[in-house]
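The file final.cif contains mmCIF, C-alpha atoms:
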```cif
data_input
loop_
_atom_site.label_atom_id
_atom_site.label_comp_id
_atom_site.auth_asym_id
_atom_site.auth_seq_id
_atom_site.Cartn_x
_atom_site.Cartn_y
_atom_site.Cartn_z
CA THR E 1 -13.96 1.19 -8.37
CA GLN E 2 -15.34 1.72 -4.88
CA ASP E 3 -17.88 -1.01 -5.54
CA MET E 4 -15.07 -3.48 -6.30
CA LEU E 5 -13.24 -2.47 -3.12
CA ASN E 6 -16.43 -2.93 -1.09
CA ARG E 7 -16.97 -6.42 -2.53
CA ALA E 8 -13.31 -7.48 -2.32
CA ALA E 9 -13.95 -10.06 0.40
CA GLY E 10 -15.89 -12.20 -2.08
CA ASP E 11 -13.80 -11.47 -5.20
CA GLY E 12 -11.83 -14.56 -6.20
CA ASN E 13 -10.43 -13.00 -9.39
CA ASN E 14 -8.65 -10.02 -7.81
CA PHE E 15 -6.78 -9.12 -4.62
CA LEU E 16 -7.61 -5.46 -4.06
CA HIS E 17 -6.52 -4.68 -0.49
CA THR E 18 -3.24 -5.28 1.30
CA ASN E 19 -4.97 -7.76 3.61
CA GLY E 20 -7.70 -8.78 1.20
CA ASN E 21 -10.60 -6.58 2.26
CA TYR E 22 -11.62 -3.65 4.48
CA GLU E 23 -11.98 -6.06 7.42
CA GLN E 24 -8.28 -7.01 7.00
CA THR E 25 -8.99 -10.73 7.38
CA ARG E 26 -6.40 -11.87 4.79
CA TYR E 27 -8.93 -14.47 3.65
CA TYR E 28 -9.02 -15.35 -0.06
CA PRO E 29 -12.44 -16.63 -1.18
CA ALA E 30 -11.49 -18.65 -4.28
CA ARG E 31 -12.03 -22.43 -3.95
CA GLN E 32 -9.80 -23.80 -6.69
CA ILE E 33 -7.02 -24.36 -4.14
CA ASN E 34 -8.17 -26.29 -1.08
CA ALA E 35 -6.91 -28.61 1.66
CA SER E 36 -6.97 -31.62 -0.64
CA ASN E 37 -4.77 -30.20 -3.42
CA VAL E 38 -2.64 -27.50 -1.81
CA GLY E 39 0.23 -29.97 -1.46
CA ASN E 40 0.43 -30.25 -5.25
CA LEU E 41 1.23 -26.57 -5.82
CA ARG E 42 4.39 -25.85 -7.81
CA PRO E 43 5.98 -22.53 -8.90
CA ALA E 44 4.47 -21.29 -12.17
CA TRP E 45 7.01 -18.47 -12.63
CA ILE E 46 9.70 -16.56 -10.72
CA PHE E 47 10.38 -12.84 -11.09
CA GLN E 48 13.65 -11.31 -9.90
CA THR E 49 13.43 -7.69 -8.78
CA GLU E 50 16.24 -5.23 -9.32
CA VAL E 51 16.44 -4.49 -5.59
CA VAL E 52 18.27 -7.04 -3.44
CA GLU E 53 16.83 -6.26 -0.03
CA SER E 54 14.01 -7.25 2.29
CA MET E 55 10.58 -7.68 0.70
CA GLU E 56 7.48 -7.08 2.83
CA THR E 57 4.96 -6.23 0.13
CA SER E 58 1.48 -7.64 -0.35
CA PRO E 59 0.84 -7.96 -4.10
CA ILE E 60 -2.28 -6.20 -5.35
CA ILE E 61 -3.98 -7.88 -8.32
CA VAL E 62 -6.43 -5.99 -10.52
CA ASP E 63 -7.80 -7.53 -13.73
CA GLY E 64 -4.79 -9.76 -14.30
CA VAL E 65 -2.12 -7.20 -13.40
CA MET E 66 -0.05 -7.68 -10.24
CA TYR E 67 1.44 -4.59 -8.55
CA VAL E 68 4.44 -5.33 -6.31
CA THR E 69 6.70 -3.01 -4.33
CA THR E 70 10.24 -3.53 -3.06
CA SER E 71 12.49 -1.82 -0.56
CA PHE E 72 13.53 1.73 -1.52
CA ASN E 73 10.14 2.32 -3.16
CA HIS E 74 10.35 0.55 -6.47
CA VAL E 75 7.03 -0.54 -8.02
CA TYR E 76 6.59 -3.32 -10.56
CA ALA E 77 3.52 -4.08 -12.65
CA LEU E 78 3.53 -7.71 -13.78
CA ASN E 79 1.35 -10.00 -15.83
CA ALA E 80 -0.08 -12.11 -13.01
CA GLU E 81 -0.36 -15.20 -15.22
CA THR E 82 3.09 -15.17 -16.82
CA GLY E 83 5.24 -12.97 -14.55
CA GLU E 84 6.18 -10.75 -17.49
CA GLN E 85 7.12 -7.19 -16.50
CA ILE E 86 4.76 -4.49 -17.79
CA TRP E 87 6.50 -1.50 -16.21
CA HIS E 88 8.93 -0.61 -13.43
CA TYR E 89 8.93 2.64 -11.44
CA LYS E 90 12.10 3.64 -9.57
CA HIS E 91 11.54 6.34 -6.99
CA LYS E 92 14.29 8.94 -6.71
CA MET E 93 14.75 9.52 -2.99
CA GLY E 94 15.03 13.01 -1.58
CA PRO E 95 18.27 14.28 0.00
CA ILE E 96 17.02 13.42 3.51
CA THR E 97 15.58 9.95 4.01
CA THR E 98 15.19 8.51 7.51
CA TYR E 99 13.39 5.36 8.59
CA CYS E 100 13.35 3.13 11.61
CA CYS E 101 13.17 -0.50 10.55
CA GLY E 102 14.78 -0.99 7.17
CA PRO E 103 13.92 0.48 3.74
CA ASN E 104 10.73 -1.57 3.44
CA ASN E 105 7.44 -0.94 1.72
CA ARG E 106 4.21 -2.84 2.40
CA GLY E 107 2.49 -2.27 -0.93
CA VAL E 108 0.33 0.03 -3.03
CA ALA E 109 -3.34 0.90 -3.35
CA VAL E 110 -5.02 0.88 -6.76
CA TYR E 111 -8.07 2.95 -7.63
CA GLY E 112 -9.34 3.70 -11.10
CA ASP E 113 -6.37 4.41 -13.36
CA MET E 114 -3.96 5.26 -10.52
CA VAL E 115 -1.53 3.36 -8.28
CA TYR E 116 -0.73 5.04 -4.95
CA MET E 117 2.40 4.51 -2.82
CA GLY E 118 3.90 6.16 0.27
CA THR E 119 7.67 6.59 0.32
CA LEU E 120 10.55 6.61 2.77
CA ASP E 121 11.25 10.27 2.04
CA ALA E 122 7.73 11.24 3.12
CA ARG E 123 5.93 11.46 -0.20
CA LEU E 124 2.62 10.11 -1.45
CA LEU E 125 2.87 9.24 -5.14
CA ALA E 126 0.20 8.71 -7.77
CA LEU E 127 1.36 6.57 -10.71
CA ASP E 128 -0.42 5.76 -13.95
CA ALA E 129 -1.65 2.17 -13.62
CA LYS E 130 -0.94 1.39 -17.28
CA THR E 131 2.46 3.02 -17.75
CA GLY E 132 3.95 3.65 -14.29
CA LYS E 133 4.39 7.35 -15.09
CA ARG E 134 4.20 9.60 -12.03
CA HIS E 135 1.22 11.95 -12.13
CA TRP E 136 1.73 13.80 -8.85
CA SER E 137 3.58 13.77 -5.54
CA TYR E 138 2.38 15.06 -2.16
CA ASP E 139 4.51 15.98 0.89
CA MET E 140 3.57 14.00 4.01
CA PHE E 141 4.46 14.46 7.66
CA ALA E 142 7.01 11.64 7.90
CA ALA E 143 8.30 8.49 6.21
CA SER E 144 5.66 6.07 4.96
CA TRP E 145 6.18 2.34 4.44
CA GLY E 146 2.64 1.16 5.08
CA SER E 147 0.21 0.65 2.22
CA PRO E 148 -2.37 3.37 1.47
CA LEU E 149 -6.08 2.70 1.80
CA ILE E 150 -8.83 3.97 -0.51
CA VAL E 151 -12.20 4.99 0.93
CA ASP E 152 -14.83 6.78 -1.17
CA GLY E 153 -12.31 8.36 -3.52
CA LYS E 154 -9.94 9.42 -0.76
CA VAL E 155 -6.37 8.16 -0.38
CA LEU E 156 -5.48 7.41 3.25
CA ALA E 157 -1.71 7.21 3.63
CA PRO E 158 -0.04 6.36 6.97
CA SER E 159 3.29 7.88 7.97
CA VAL E 160 5.49 7.29 11.01
CA PRO E 161 8.14 9.34 12.88
CA THR E 162 11.82 8.50 12.94
CA PHE E 163 12.01 7.58 16.64
CA SER E 164 14.36 10.45 17.46
CA GLY E 165 12.55 11.01 20.74
CA GLU E 166 11.16 14.32 19.51
CA ASN E 167 7.98 12.99 17.98
CA ASN E 168 6.23 10.04 19.57
CA GLY E 169 3.16 9.86 17.37
CA SER E 170 1.83 8.92 13.96
CA SER E 171 0.20 10.94 11.24
CA LEU E 172 -2.24 10.32 8.46
CA SER E 173 -2.59 12.18 5.20
CA ILE E 174 -6.04 12.18 3.65
CA LEU E 175 -6.30 13.25 0.02
CA ARG E 176 -9.27 13.34 -2.26
CA LYS E 177 -8.83 11.94 -5.73
CA LYS E 178 -7.02 14.37 -8.10
CA ARG E 179 -5.85 16.35 -5.04
CA LEU E 180 -9.05 18.37 -4.71
CA ALA E 181 -8.48 18.67 -0.99
CA ALA E 182 -5.96 17.56 1.61
CA SER E 183 -5.75 17.47 5.37
CA ARG E 184 -3.50 16.04 8.06
CA SER E 185 -4.24 14.58 11.46
CA ARG E 186 -1.93 13.57 14.31
CA PHE E 187 -2.59 10.64 16.62
CA ALA E 188 -0.69 10.10 19.87
CA VAL E 189 0.46 6.64 20.89
CA SER E 190 -1.35 5.17 23.87
CA LYS E 191 0.74 4.13 26.87
CA LYS E 192 -1.09 0.81 26.72
CA SER E 193 0.02 0.22 23.14
CA THR E 194 3.17 -1.51 22.00
CA GLY E 195 5.00 1.80 22.08
CA PHE E 196 5.60 1.34 18.36
CA PRO E 197 3.73 4.17 16.61
CA CYS E 198 3.32 2.46 13.26
CA LEU E 199 1.62 -0.58 14.83
CA SER E 200 -0.72 1.60 16.85
CA MET E 201 -1.57 3.64 13.79
CA ALA E 202 -2.32 0.49 11.80
CA ARG E 203 -4.90 -0.62 14.36
CA TYR E 204 -6.50 2.80 14.43
CA ARG E 205 -6.45 3.18 10.69
CA TYR E 206 -8.08 -0.10 9.73
CA ARG E 207 -10.65 -0.32 12.51
CA HIS E 208 -11.87 3.24 12.72
CA LEU E 209 -11.06 5.36 9.69
CA PRO E 210 -14.00 4.35 7.47
CA ARG E 211 -16.23 5.47 10.34
CA ILE E 212 -14.36 8.77 10.72
CA LEU E 213 -14.91 9.63 7.08
CA THR E 214 -18.67 9.08 7.11
#
```
Target format structure tokens, applied to this file:
Amino acid sequence: TQDMLNRAAGDGNNFLHTNGNYEQTRYYPARQINASNVGNLRPAWIFQTEVVESMETSPIIVDGVMYVTTSFNHVYALNAETGEQIWHYKHKMGPITTYCCGPNNRGVAVYGDMVYMGTLDARLLALDAKTGKRHWSYDMFAASWGSPLIVDGKVLAPSVPTFSGENNGSSLSILRKKRLAASRSRFAVSKKSTGFPCLSMARYRYRHLPRILT
């Protein structure tokens, strides 16, 4: 729920945002693991994905279920306590798939009974959180490997160009829940930025978008 997302910074039972909370601090508030016992940590379970490639995902944990993505837009739902697989979604890529920095994916967003993921072939997907079944797919401006963000029932999904020299900018797709409305915005990359559109978009997205939508 939106209330859970708002209170994520103090929620020690879940991990609801890619970087922990809307402030993107990556701070986890639980106190069971601390400086005095962290050295005693041992692996509780290991899960092997089907995709043998780079992994840049941030697991999202909601009520004991861990949602993990891999390269090439696979999504796994796992029992966070045991590592047992609940479901596995394999995205079927479109005929044209271009990306700049490897076939990576940074993770999903979870809201209500849906799991949202952007794809390398420029789609925004809504999956059933319990079964992994795809409910709908939305065409975006360009490839998306960043994690979506949920704000007040809207899905904010970043996408980046392919660095062909024809399109030096980033885009953002904003969808209301159940696709009631959709709009697109383009943001140019500042000359003072890194020159890497996806990084510039990430700064803009996390620092300013909640304010834009109010």
Explicit residues for the PyMOL selection byres ((chain E and resi 148) around 7) (as number ranges by chain)
E: 108-109, 116-118, 146-147, 149-150, 155-158
Skip Trp145 (chain E) itself and residues of its chain fewer than 5 positions away, then list as a PDB file with C-alpha atoms, in the frame of the given file all residues within 10 Å of it, counting only C-alpha atoms.
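And here is the file that came out, part-v7.pdb:
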```pdb
ATOM      1  CA  GLU E  56       7.480  -7.080   2.830  1.00  0.00           C
ATOM      2  CA  THR E  57       4.960  -6.230   0.130  1.00  0.00           C
ATOM      3  CA  SER E  71      12.490  -1.820  -0.560  1.00  0.00           C
ATOM      4  CA  PHE E  72      13.530   1.730  -1.520  1.00  0.00           C
ATOM      5  CA  ASN E  73      10.140   2.320  -3.160  1.00  0.00           C
ATOM      6  CA  TYR E  99      13.390   5.360   8.590  1.00  0.00           C
ATOM      7  CA  CYS E 101      13.170  -0.500  10.550  1.00  0.00           C
ATOM      8  CA  GLY E 102      14.780  -0.990   7.170  1.00  0.00           C
ATOM      9  CA  PRO E 103      13.920   0.480   3.740  1.00  0.00           C
ATOM     10  CA  ASN E 104      10.730  -1.570   3.440  1.00  0.00           C
ATOM     11  CA  ASN E 105       7.440  -0.940   1.720  1.00  0.00           C
ATOM     12  CA  ARG E 106       4.210  -2.840   2.400  1.00  0.00           C
ATOM     13  CA  GLY E 107       2.490  -2.270  -0.930  1.00  0.00           C
ATOM     14  CA  VAL E 108       0.330   0.030  -3.030  1.00  0.00           C
ATOM     15  CA  MET E 117       2.400   4.510  -2.820  1.00  0.00           C
ATOM     16  CA  GLY E 118       3.900   6.160   0.270  1.00  0.00           C
ATOM     17  CA  THR E 119       7.670   6.590   0.320  1.00  0.00           C
ATOM     18  CA  LEU E 120      10.550   6.610   2.770  1.00  0.00           C
ATOM     19  CA  ASP E 121      11.250  10.270   2.040  1.00  0.00           C
ATOM     20  CA  ALA E 122       7.730  11.240   3.120  1.00  0.00           C
ATOM     21  CA  ALA E 157      -1.710   7.210   3.630  1.00  0.00           C
ATOM     22  CA  PRO E 158      -0.040   6.360   6.970  1.00  0.00           C
ATOM     23  CA  SER E 159       3.290   7.880   7.970  1.00  0.00           C
ATOM     24  CA  VAL E 160       5.490   7.290  11.010  1.00  0.00           C
ATOM     25  CA  CYS E 198       3.320   2.460  13.260  1.00  0.00           C
TER      26      CYS E 198
END
```
Expand the PyMOL selection byres ((chain E and resi 64) around 12) into the individual residues it matches in the shown file, reporting them as a ChimeraX atom specification.
/E:12-16,59-63,65-67,77-84,86
Return the single residue from E:Ala9, E:Ala129, E:Tyr27, E:Asn21 that is closest to Tyr111 (chain E), with distances computed using all atoms listed in the file.
E:Ala129
Rounded to one decimal place, report the CA of Ala8 (chain E)-CA of Ala143 (chain E) distance in Å.
28.2 Å
Here CA of Thr97 (chain E) and CA of Asp113 (chain E) stand apart by 28.5 Å
Out of E:Tyr22, E:Phe47, E:Phe141, E:Trp136, which residue has the shortest atom-to-atom distance to Met114 (chain E) when counting only C-alpha atoms?
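Distance minimum relative to Met114 (chain E) lands on E:Trp136.
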Determine, counting all atoms listed in the file, which protein, DNA and RNA residues have an atom within 7 Å of an atom of Tyr76 (chain E); residues of the same chain fewer than 5 positions away are not included. Present the result as a ChimeraX atom specification.
/E:67-69,87-89
Could region 113-124 of chain E be completed with N, CA and C atoms and written as a PDB file, in the coordinates of the input, please?
```
ATOM      1  N   ASP E 113      -7.552   4.526 -12.505  1.00  0.00           N
ATOM      2  CA  ASP E 113      -6.370   4.410 -13.360  1.00  0.00           C
ATOM      3  C   ASP E 113      -5.096   4.821 -12.639  1.00  0.00           C
ATOM      4  N   MET E 114      -5.116   4.817 -11.296  1.00  0.00           N
ATOM      5  CA  MET E 114      -3.960   5.260 -10.520  1.00  0.00           C
ATOM      6  C   MET E 114      -3.482   4.186  -9.536  1.00  0.00           C
ATOM      7  N   VAL E 115      -2.166   4.198  -9.300  1.00  0.00           N
ATOM      8  CA  VAL E 115      -1.530   3.360  -8.280  1.00  0.00           C
ATOM      9  C   VAL E 115      -0.892   4.305  -7.270  1.00  0.00           C
ATOM     10  N   TYR E 116      -1.196   4.123  -5.989  1.00  0.00           N
ATOM     11  CA  TYR E 116      -0.730   5.040  -4.950  1.00  0.00           C
ATOM     12  C   TYR E 116       0.280   4.349  -4.036  1.00  0.00           C
ATOM     13  N   MET E 117       1.363   5.063  -3.697  1.00  0.00           N
ATOM     14  CA  MET E 117       2.400   4.510  -2.820  1.00  0.00           C
ATOM     15  C   MET E 117       2.969   5.603  -1.923  1.00  0.00           C
ATOM     16  N   GLY E 118       3.164   5.292  -0.635  1.00  0.00           N
ATOM     17  CA  GLY E 118       3.900   6.160   0.270  1.00  0.00           C
ATOM     18  C   GLY E 118       5.369   5.819   0.213  1.00  0.00           C
ATOM     19  N   THR E 119       6.237   6.803   0.488  1.00  0.00           N
ATOM     20  CA  THR E 119       7.670   6.590   0.320  1.00  0.00           C
ATOM     21  C   THR E 119       8.453   6.872   1.605  1.00  0.00           C
ATOM     22  N   LEU E 120       9.680   6.424   1.620  1.00  0.00           N
ATOM     23  CA  LEU E 120      10.550   6.610   2.770  1.00  0.00           C
ATOM     24  C   LEU E 120      10.949   8.065   2.973  1.00  0.00           C
ATOM     25  N   ASP E 121      10.919   8.849   1.900  1.00  0.00           N
ATOM     26  CA  ASP E 121      11.250  10.270   2.040  1.00  0.00           C
ATOM     27  C   ASP E 121       9.990  11.124   2.151  1.00  0.00           C
ATOM     28  N   ALA E 122       8.947  10.518   2.721  1.00  0.00           N
ATOM     29  CA  ALA E 122       7.730  11.240   3.120  1.00  0.00           C
ATOM     30  C   ALA E 122       6.966  11.840   1.943  1.00  0.00           C
ATOM     31  N   ARG E 123       6.734  11.032   0.930  1.00  0.00           N
ATOM     32  CA  ARG E 123       5.930  11.460  -0.200  1.00  0.00           C
ATOM     33  C   ARG E 123       4.776  10.482  -0.416  1.00  0.00           C
ATOM     34  N   LEU E 124       3.679  10.972  -0.952  1.00  0.00           N
ATOM     35  CA  LEU E 124       2.620  10.110  -1.450  1.00  0.00           C
ATOM     36  C   LEU E 124       2.589  10.292  -2.954  1.00  0.00           C
TER      37      LEU E 124
END
```
